[in-house]
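Next comes entry.csv, with CSV, C-alpha atoms.
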```csv
chain,number,residue,atom,x,y,z
A,838,MET,CA,134.5,142.5,81.0
A,839,LEU,CA,135.2,145.3,83.5
A,840,TRP,CA,138.3,147.1,82.4
A,841,HIS,CA,139.4,150.5,83.5
A,842,GLY,CA,142.8,151.1,82.1
A,843,LEU,CA,146.4,150.8,83.3
A,844,LEU,CA,147.7,153.3,85.8
A,845,THR,CA,151.4,153.8,86.5
A,846,VAL,CA,152.1,154.0,90.2
A,847,PRO,CA,154.2,157.1,91.1
A,848,PRO,CA,157.5,156.4,92.9
A,849,ALA,CA,157.3,156.3,96.6
A,850,ARG,CA,158.5,159.4,98.4
A,851,PRO,CA,161.6,159.0,100.6
A,852,LYS,CA,160.7,158.7,104.3
A,853,VAL,CA,162.6,161.1,106.4
A,854,SER,CA,164.4,159.7,109.4
A,855,SER,CA,163.9,162.6,111.8
A,856,SER,CA,161.7,161.5,114.7
A,857,SER,CA,160.1,164.9,114.9
A,858,ALA,CA,159.0,164.8,111.3
A,859,TYR,CA,158.0,161.2,110.7
A,860,ASN,CA,158.1,158.0,112.7
A,861,PRO,CA,157.5,154.9,110.6
A,862,SER,CA,156.8,152.6,113.5
A,863,MET,CA,154.0,154.9,114.8
A,864,GLU,CA,152.5,155.2,111.3
A,865,ARG,CA,152.7,151.6,110.3
A,866,TYR,CA,148.9,151.1,109.9
A,867,ARG,CA,147.9,154.5,108.6
A,868,ILE,CA,147.4,155.8,105.1
A,869,ASP,CA,149.9,158.6,104.5
A,870,SER,CA,151.5,160.5,101.6
A,871,TYR,CA,154.5,158.2,101.3
A,872,SER,CA,152.6,155.3,99.7
A,873,SER,CA,150.1,155.3,96.8
A,874,VAL,CA,148.8,151.7,96.8
A,875,TYR,CA,147.5,149.9,99.9
A,876,PHE,CA,146.7,146.4,101.0
A,877,LEU,CA,143.6,146.6,103.2
A,878,THR,CA,141.8,144.1,105.5
A,879,TYR,CA,138.3,144.6,106.9
A,880,SER,CA,137.4,142.0,109.4
A,881,ILE,CA,133.9,141.4,111.0
A,882,VAL,CA,133.7,141.6,114.8
A,883,GLU,CA,134.3,138.3,116.5
A,884,TRP,CA,135.0,136.9,113.0
A,885,LEU,CA,131.3,136.2,112.4
A,886,PRO,CA,130.8,134.3,109.1
A,887,ILE,CA,128.4,136.8,107.5
A,888,PHE,CA,129.8,136.7,104.0
A,889,VAL,CA,128.3,133.3,103.2
A,890,SER,CA,125.4,134.6,101.0
A,891,SER,CA,125.2,136.5,97.8
A,892,ALA,CA,123.2,139.2,99.4
A,893,THR,CA,125.9,140.2,101.9
A,894,CYS,CA,128.6,140.0,99.4
A,895,GLN,CA,126.7,142.1,97.0
A,896,ILE,CA,126.5,144.9,99.6
A,897,ILE,CA,130.3,145.0,99.4
A,898,THR,CA,130.6,144.7,95.7
A,899,ASP,CA,127.9,147.3,95.0
A,900,SER,CA,129.6,149.8,97.5
A,901,LEU,CA,133.0,149.3,95.9
A,902,THR,CA,131.5,149.8,92.4
A,903,PHE,CA,129.8,153.0,93.7
A,904,CYS,CA,133.1,154.3,95.2
A,905,HIS,CA,134.8,153.6,91.9
A,906,ARG,CA,132.2,155.6,90.0
A,907,GLU,CA,131.6,158.4,92.4
A,908,LYS,CA,134.6,158.7,94.7
A,909,TYR,CA,137.7,157.9,92.6
A,910,LEU,CA,138.5,154.6,94.4
A,911,ARG,CA,140.4,152.1,92.3
A,912,ILE,CA,140.5,148.4,93.1
A,913,ASN,CA,143.4,146.5,91.9
A,914,ALA,CA,142.4,143.2,93.5
A,915,TYR,CA,140.0,141.9,96.1
A,916,VAL,CA,138.6,138.8,97.8
A,917,ILE,CA,135.6,138.4,100.0
A,918,MET,CA,136.0,135.7,102.6
A,919,PRO,CA,133.3,134.5,105.0
A,920,THR,CA,134.6,136.6,107.9
A,921,HIS,CA,136.7,139.3,106.3
A,922,ILE,CA,137.7,141.0,103.0
A,923,HIS,CA,141.1,141.9,101.5
A,924,MET,CA,141.7,144.3,98.8
A,925,ILE,CA,144.5,146.3,97.0
A,926,ALA,CA,143.2,149.8,96.5
A,927,PHE,CA,144.3,153.3,95.7
A,928,ASP,CA,142.9,156.7,94.7
A,929,ALA,CA,142.6,157.5,91.0
A,930,ASP,CA,144.9,160.5,91.4
A,931,PHE,CA,146.9,159.0,94.2
A,932,ASP,CA,145.4,161.5,96.6
A,933,SER,CA,146.0,160.0,100.1
A,934,GLU,CA,143.6,162.4,101.9
A,935,ARG,CA,140.7,161.6,99.6
A,936,LEU,CA,141.5,157.9,99.8
A,937,THR,CA,141.3,158.1,103.6
A,938,LYS,CA,137.9,159.7,103.4
A,939,THR,CA,136.6,157.3,100.7
A,940,LEU,CA,137.6,154.3,102.7
A,941,ALA,CA,136.0,155.8,105.8
A,942,ASP,CA,132.7,156.3,103.9
A,943,PHE,CA,132.9,152.8,102.5
A,944,ARG,CA,133.4,151.4,106.0
A,945,LYS,CA,130.5,153.4,107.6
A,946,PHE,CA,128.1,152.6,104.8
A,947,THR,CA,128.8,148.9,104.6
A,948,GLY,CA,128.9,148.5,108.3
A,949,ARG,CA,125.4,150.1,108.6
A,950,LYS,CA,123.9,148.2,105.7
A,951,LEU,CA,125.4,144.8,106.8
A,952,SER,CA,124.3,145.4,110.4
A,953,ASP,CA,120.8,146.1,109.2
A,954,TYR,CA,120.9,142.9,107.1
A,955,CYS,CA,121.9,140.9,110.2
A,956,ILE,CA,119.1,142.4,112.2
A,957,ASN,CA,116.5,141.5,109.5
A,958,HIS,CA,117.9,138.1,108.4
A,959,GLY,CA,120.6,136.9,110.8
A,960,PRO,CA,120.4,134.6,113.8
A,961,SER,CA,119.9,136.1,117.2
A,962,CYS,CA,123.5,135.2,118.3
A,963,PHE,CA,124.9,137.3,115.4
A,964,ILE,CA,122.7,140.3,116.4
A,965,ALA,CA,123.8,139.9,120.1
A,966,THR,CA,127.4,139.9,119.1
A,967,LEU,CA,127.1,143.1,117.0
A,968,ARG,CA,125.4,144.8,120.0
A,969,ASP,CA,127.9,143.4,122.5
A,970,ASN,CA,130.6,145.2,120.5
A,971,ALA,CA,128.8,148.5,120.5
A,972,THR,CA,130.6,151.7,121.4
A,973,ILE,CA,129.4,155.0,122.9
A,974,ASP,CA,128.5,156.5,119.5
A,975,ARG,CA,126.8,153.5,118.0
A,976,GLU,CA,124.3,150.8,118.9
A,977,ARG,CA,126.1,148.1,116.9
A,978,ARG,CA,129.5,147.5,115.6
A,979,PHE,CA,130.0,145.4,112.5
A,980,TRP,CA,133.7,145.9,111.5
A,981,GLN,CA,136.7,145.4,113.8
A,982,PRO,CA,138.4,148.7,114.5
A,983,SER,CA,141.4,148.5,112.2
A,984,ARG,CA,141.6,148.1,108.5
A,985,HIS,CA,145.4,147.6,108.7
A,986,PRO,CA,146.5,149.5,105.6
A,987,VAL,CA,149.9,148.4,104.4
A,988,GLY,CA,151.6,150.6,101.9
A,989,ILE,CA,152.8,148.8,98.7
A,990,ASP,CA,155.8,150.5,97.2
A,991,GLY,CA,157.2,148.0,94.7
A,992,GLU,CA,156.2,145.3,92.2
A,993,GLU,CA,157.7,142.4,94.3
A,994,PHE,CA,155.8,143.3,97.4
A,995,TRP,CA,152.7,143.9,95.3
A,996,GLN,CA,153.0,140.4,93.8
A,997,GLN,CA,153.3,138.9,97.2
A,998,LYS,CA,150.1,140.6,98.5
A,999,LEU,CA,148.3,139.8,95.2
A,1000,ASP,CA,149.1,136.1,95.6
A,1001,TYR,CA,148.3,136.1,99.3
A,1002,LEU,CA,144.9,137.7,98.6
A,1003,HIS,CA,143.9,135.4,95.8
A,1004,ASP,CA,145.2,132.2,97.5
A,1005,ASN,CA,143.2,132.9,100.7
A,1006,PRO,CA,140.2,130.7,99.8
A,1007,CYS,CA,142.6,127.8,98.9
A,1008,ARG,CA,144.5,128.1,102.1
A,1009,LYS,CA,141.2,127.9,104.0
A,1010,GLY,CA,140.2,124.7,102.0
A,1011,LEU,CA,137.2,126.4,100.4
A,1012,VAL,CA,138.2,125.8,96.8
A,1013,SER,CA,141.0,123.8,95.0
A,1014,SER,CA,142.0,126.7,92.8
A,1015,ALA,CA,141.8,130.5,93.4
A,1016,HIS,CA,139.9,131.3,90.2
A,1017,TYR,CA,137.0,129.1,91.4
A,1018,TRP,CA,136.2,131.5,94.3
A,1019,ARG,CA,133.1,133.5,93.3
A,1020,TYR,CA,133.8,136.8,95.1
A,1021,SER,CA,137.4,137.5,94.1
A,1022,SER,CA,139.4,139.1,91.3
A,1023,ALA,CA,141.5,135.9,90.8
A,1024,ASN,CA,139.5,134.8,87.8
A,1025,TRP,CA,139.9,138.2,86.2
A,1026,TYR,CA,143.7,137.9,86.5
A,1027,ALA,CA,143.7,134.3,85.4
A,1028,SER,CA,141.7,135.2,82.3
A,1029,GLU,CA,143.8,138.4,81.7
A,1030,GLY,CA,140.7,140.5,82.1
A,1031,ARG,CA,138.4,138.5,79.8
A,1032,GLU,CA,136.1,137.2,82.6
A,1033,LEU,CA,133.4,139.3,84.2
A,1034,VAL,CA,133.9,140.4,87.8
A,1035,ASP,CA,131.6,142.1,90.3
A,1036,VAL,CA,134.0,145.0,91.0
A,1037,PRO,CA,135.8,147.3,88.5
A,1038,ILE,CA,139.4,146.3,88.4
A,1039,THR,CA,142.2,148.7,87.5
A,1040,GLN,CA,145.6,147.3,86.6
A,1041,ILE,CA,148.7,149.1,87.8
A,1042,GLN,CA,152.2,149.3,86.4
A,1043,TRP,CA,155.3,149.8,88.5
```
This structure in structure tokens:
Amino acid sequence: MLWHGLLTVPPARPKVSSSSAYNPSMERYRIDSYSSVYFLTYSIVEWLPIFVSSATCQIITDSLTFCHREKYLRINAYVIMPTHIHMIAFDADFDSERLTKTLADFRKFTGRKLSDYCINHGPSCFIATLRDNATIDRERRFWQPSRHPVGIDGEEFWQQKLDYLHDNPCRKGLVSSAHYWRYSSANWYASEGRELVDVPITQIQW
């Protein structure tokens, strides 16, 4: 059982309305100091179905575990789908700047490792797609540009995102019940933390 305590989420800071100080519409998909917990999505370029083997999924789970141990990342929930991943995450001390850097490191490391995996084990069409999405500063691109961080500031919204995340495999017709999906925290929640999971899960209290 991977259990790492219960953290209380600090209250959200009020967002100022002055356009010169803060513009919510412009900051919609950025990590800022106004939210502590985030719903995140990482999607593969062209929605390539790369997370269909234990080897590729383990690159993700190993990296999240490392970030938990070494970089203060806390995972509240996650699911790895064939073409993308969702997670609810936060910094152990609710440090938004450190969270931004940690997630950037996670993105770069997994993107590089998964690209290398595709080069060595993937079909030629996958390799061509990664190269076709290359940018000036890289030969291949694995992740789509945005991780779309959505701030979660209350229990009701958190529950909505938690249910959405865990129900994703069911909505796609991959399993009949969320807790059957191998790479997900659904079974951890269904068993109240008694079942083993691949990523350290930290519960939160609102």
How many Å lie between atom CA of Thr966 of chain A and atom CA of Leu1011 of chain A, rounded to one decimal?
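Atom-to-atom, atom CA of Thr966 of chain A to atom CA of Leu1011 of chain A, that is 25.1 Å.
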Residues of segment 872-935 of chain A that have any atom at most 12 Å from an atom of segment 987-1009 of chain A: could you tabulate them with the shortest-distance atom pair and the distance in Å to one decimal, using only C-alpha atoms, ordered by chain and increasing number, as JSON lines?
```
{"residue": "A:Ser872", "atom": "CA", "partner": "A:Gly988", "partner_atom": "CA", "distance": 5.3}
{"residue": "A:Ser873", "atom": "CA", "partner": "A:Gly988", "partner_atom": "CA", "distance": 7.1}
{"residue": "A:Val874", "atom": "CA", "partner": "A:Ile989", "partner_atom": "CA", "distance": 5.3}
{"residue": "A:Tyr875", "atom": "CA", "partner": "A:Gly988", "partner_atom": "CA", "distance": 4.6}
{"residue": "A:Phe876", "atom": "CA", "partner": "A:Val987", "partner_atom": "CA", "distance": 5.1}
{"residue": "A:Leu877", "atom": "CA", "partner": "A:Val987", "partner_atom": "CA", "distance": 6.7}
{"residue": "A:Thr878", "atom": "CA", "partner": "A:Val987", "partner_atom": "CA", "distance": 9.2}
{"residue": "A:Ile912", "atom": "CA", "partner": "A:Leu999", "partner_atom": "CA", "distance": 11.8}
{"residue": "A:Asn913", "atom": "CA", "partner": "A:Leu999", "partner_atom": "CA", "distance": 8.9}
{"residue": "A:Ala914", "atom": "CA", "partner": "A:Leu999", "partner_atom": "CA", "distance": 7.0}
{"residue": "A:Tyr915", "atom": "CA", "partner": "A:Leu1002", "partner_atom": "CA", "distance": 6.9}
{"residue": "A:Val916", "atom": "CA", "partner": "A:Leu1002", "partner_atom": "CA", "distance": 6.4}
{"residue": "A:Ile917", "atom": "CA", "partner": "A:Pro1006", "partner_atom": "CA", "distance": 9.0}
{"residue": "A:Met918", "atom": "CA", "partner": "A:Pro1006", "partner_atom": "CA", "distance": 7.1}
{"residue": "A:Pro919", "atom": "CA", "partner": "A:Pro1006", "partner_atom": "CA", "distance": 9.4}
{"residue": "A:Thr920", "atom": "CA", "partner": "A:Pro1006", "partner_atom": "CA", "distance": 11.5}
{"residue": "A:His921", "atom": "CA", "partner": "A:Asn1005", "partner_atom": "CA", "distance": 10.7}
{"residue": "A:Ile922", "atom": "CA", "partner": "A:Leu1002", "partner_atom": "CA", "distance": 9.1}
{"residue": "A:His923", "atom": "CA", "partner": "A:Leu1002", "partner_atom": "CA", "distance": 6.4}
{"residue": "A:Met924", "atom": "CA", "partner": "A:Leu1002", "partner_atom": "CA", "distance": 7.3}
{"residue": "A:Ile925", "atom": "CA", "partner": "A:Leu999", "partner_atom": "CA", "distance": 7.7}
{"residue": "A:Ala926", "atom": "CA", "partner": "A:Ile989", "partner_atom": "CA", "distance": 9.9}
{"residue": "A:Phe927", "atom": "CA", "partner": "A:Gly988", "partner_atom": "CA", "distance": 10.0}
{"residue": "A:Ser933", "atom": "CA", "partner": "A:Gly988", "partner_atom": "CA", "distance": 11.1}
```
Selection near segment 887-892 of chain A, 12 Å with all atoms listed in the file, sequence-local residues under 4 positions removed, as a ChimeraX atom specification
/A:879-883,896-899,916-922,948,950-952,954-956,958-960,962-964,967,979-980,1011,1019-1020,1035
Contacts of Ile1041 of chain A at 7 Å or less, counting all atoms listed in the file, minus same-chain residues fewer than 4 places along, as a ChimeraX atom specification?
/A:843-846
Can you write just those residues out, C-alpha atoms, as a PDB file, keeping the file's coordinate frame?
```pdb
ATOM      1  CA  LEU A 843     146.400 150.800  83.300  1.00  0.00           C
ATOM      2  CA  LEU A 844     147.700 153.300  85.800  1.00  0.00           C
ATOM      3  CA  THR A 845     151.400 153.800  86.500  1.00  0.00           C
ATOM      4  CA  VAL A 846     152.100 154.000  90.200  1.00  0.00           C
TER       5      VAL A 846
END
```
Quick one: distance from atom CA of Arg911 of chain A to atom CA of Ile1038 of chain A in Å, one decimal?
7.1 Å
Hey, can you check how far atom CA of His985 of chain A sits from atom CA of Tyr1017 of chain A?
26.7 Å
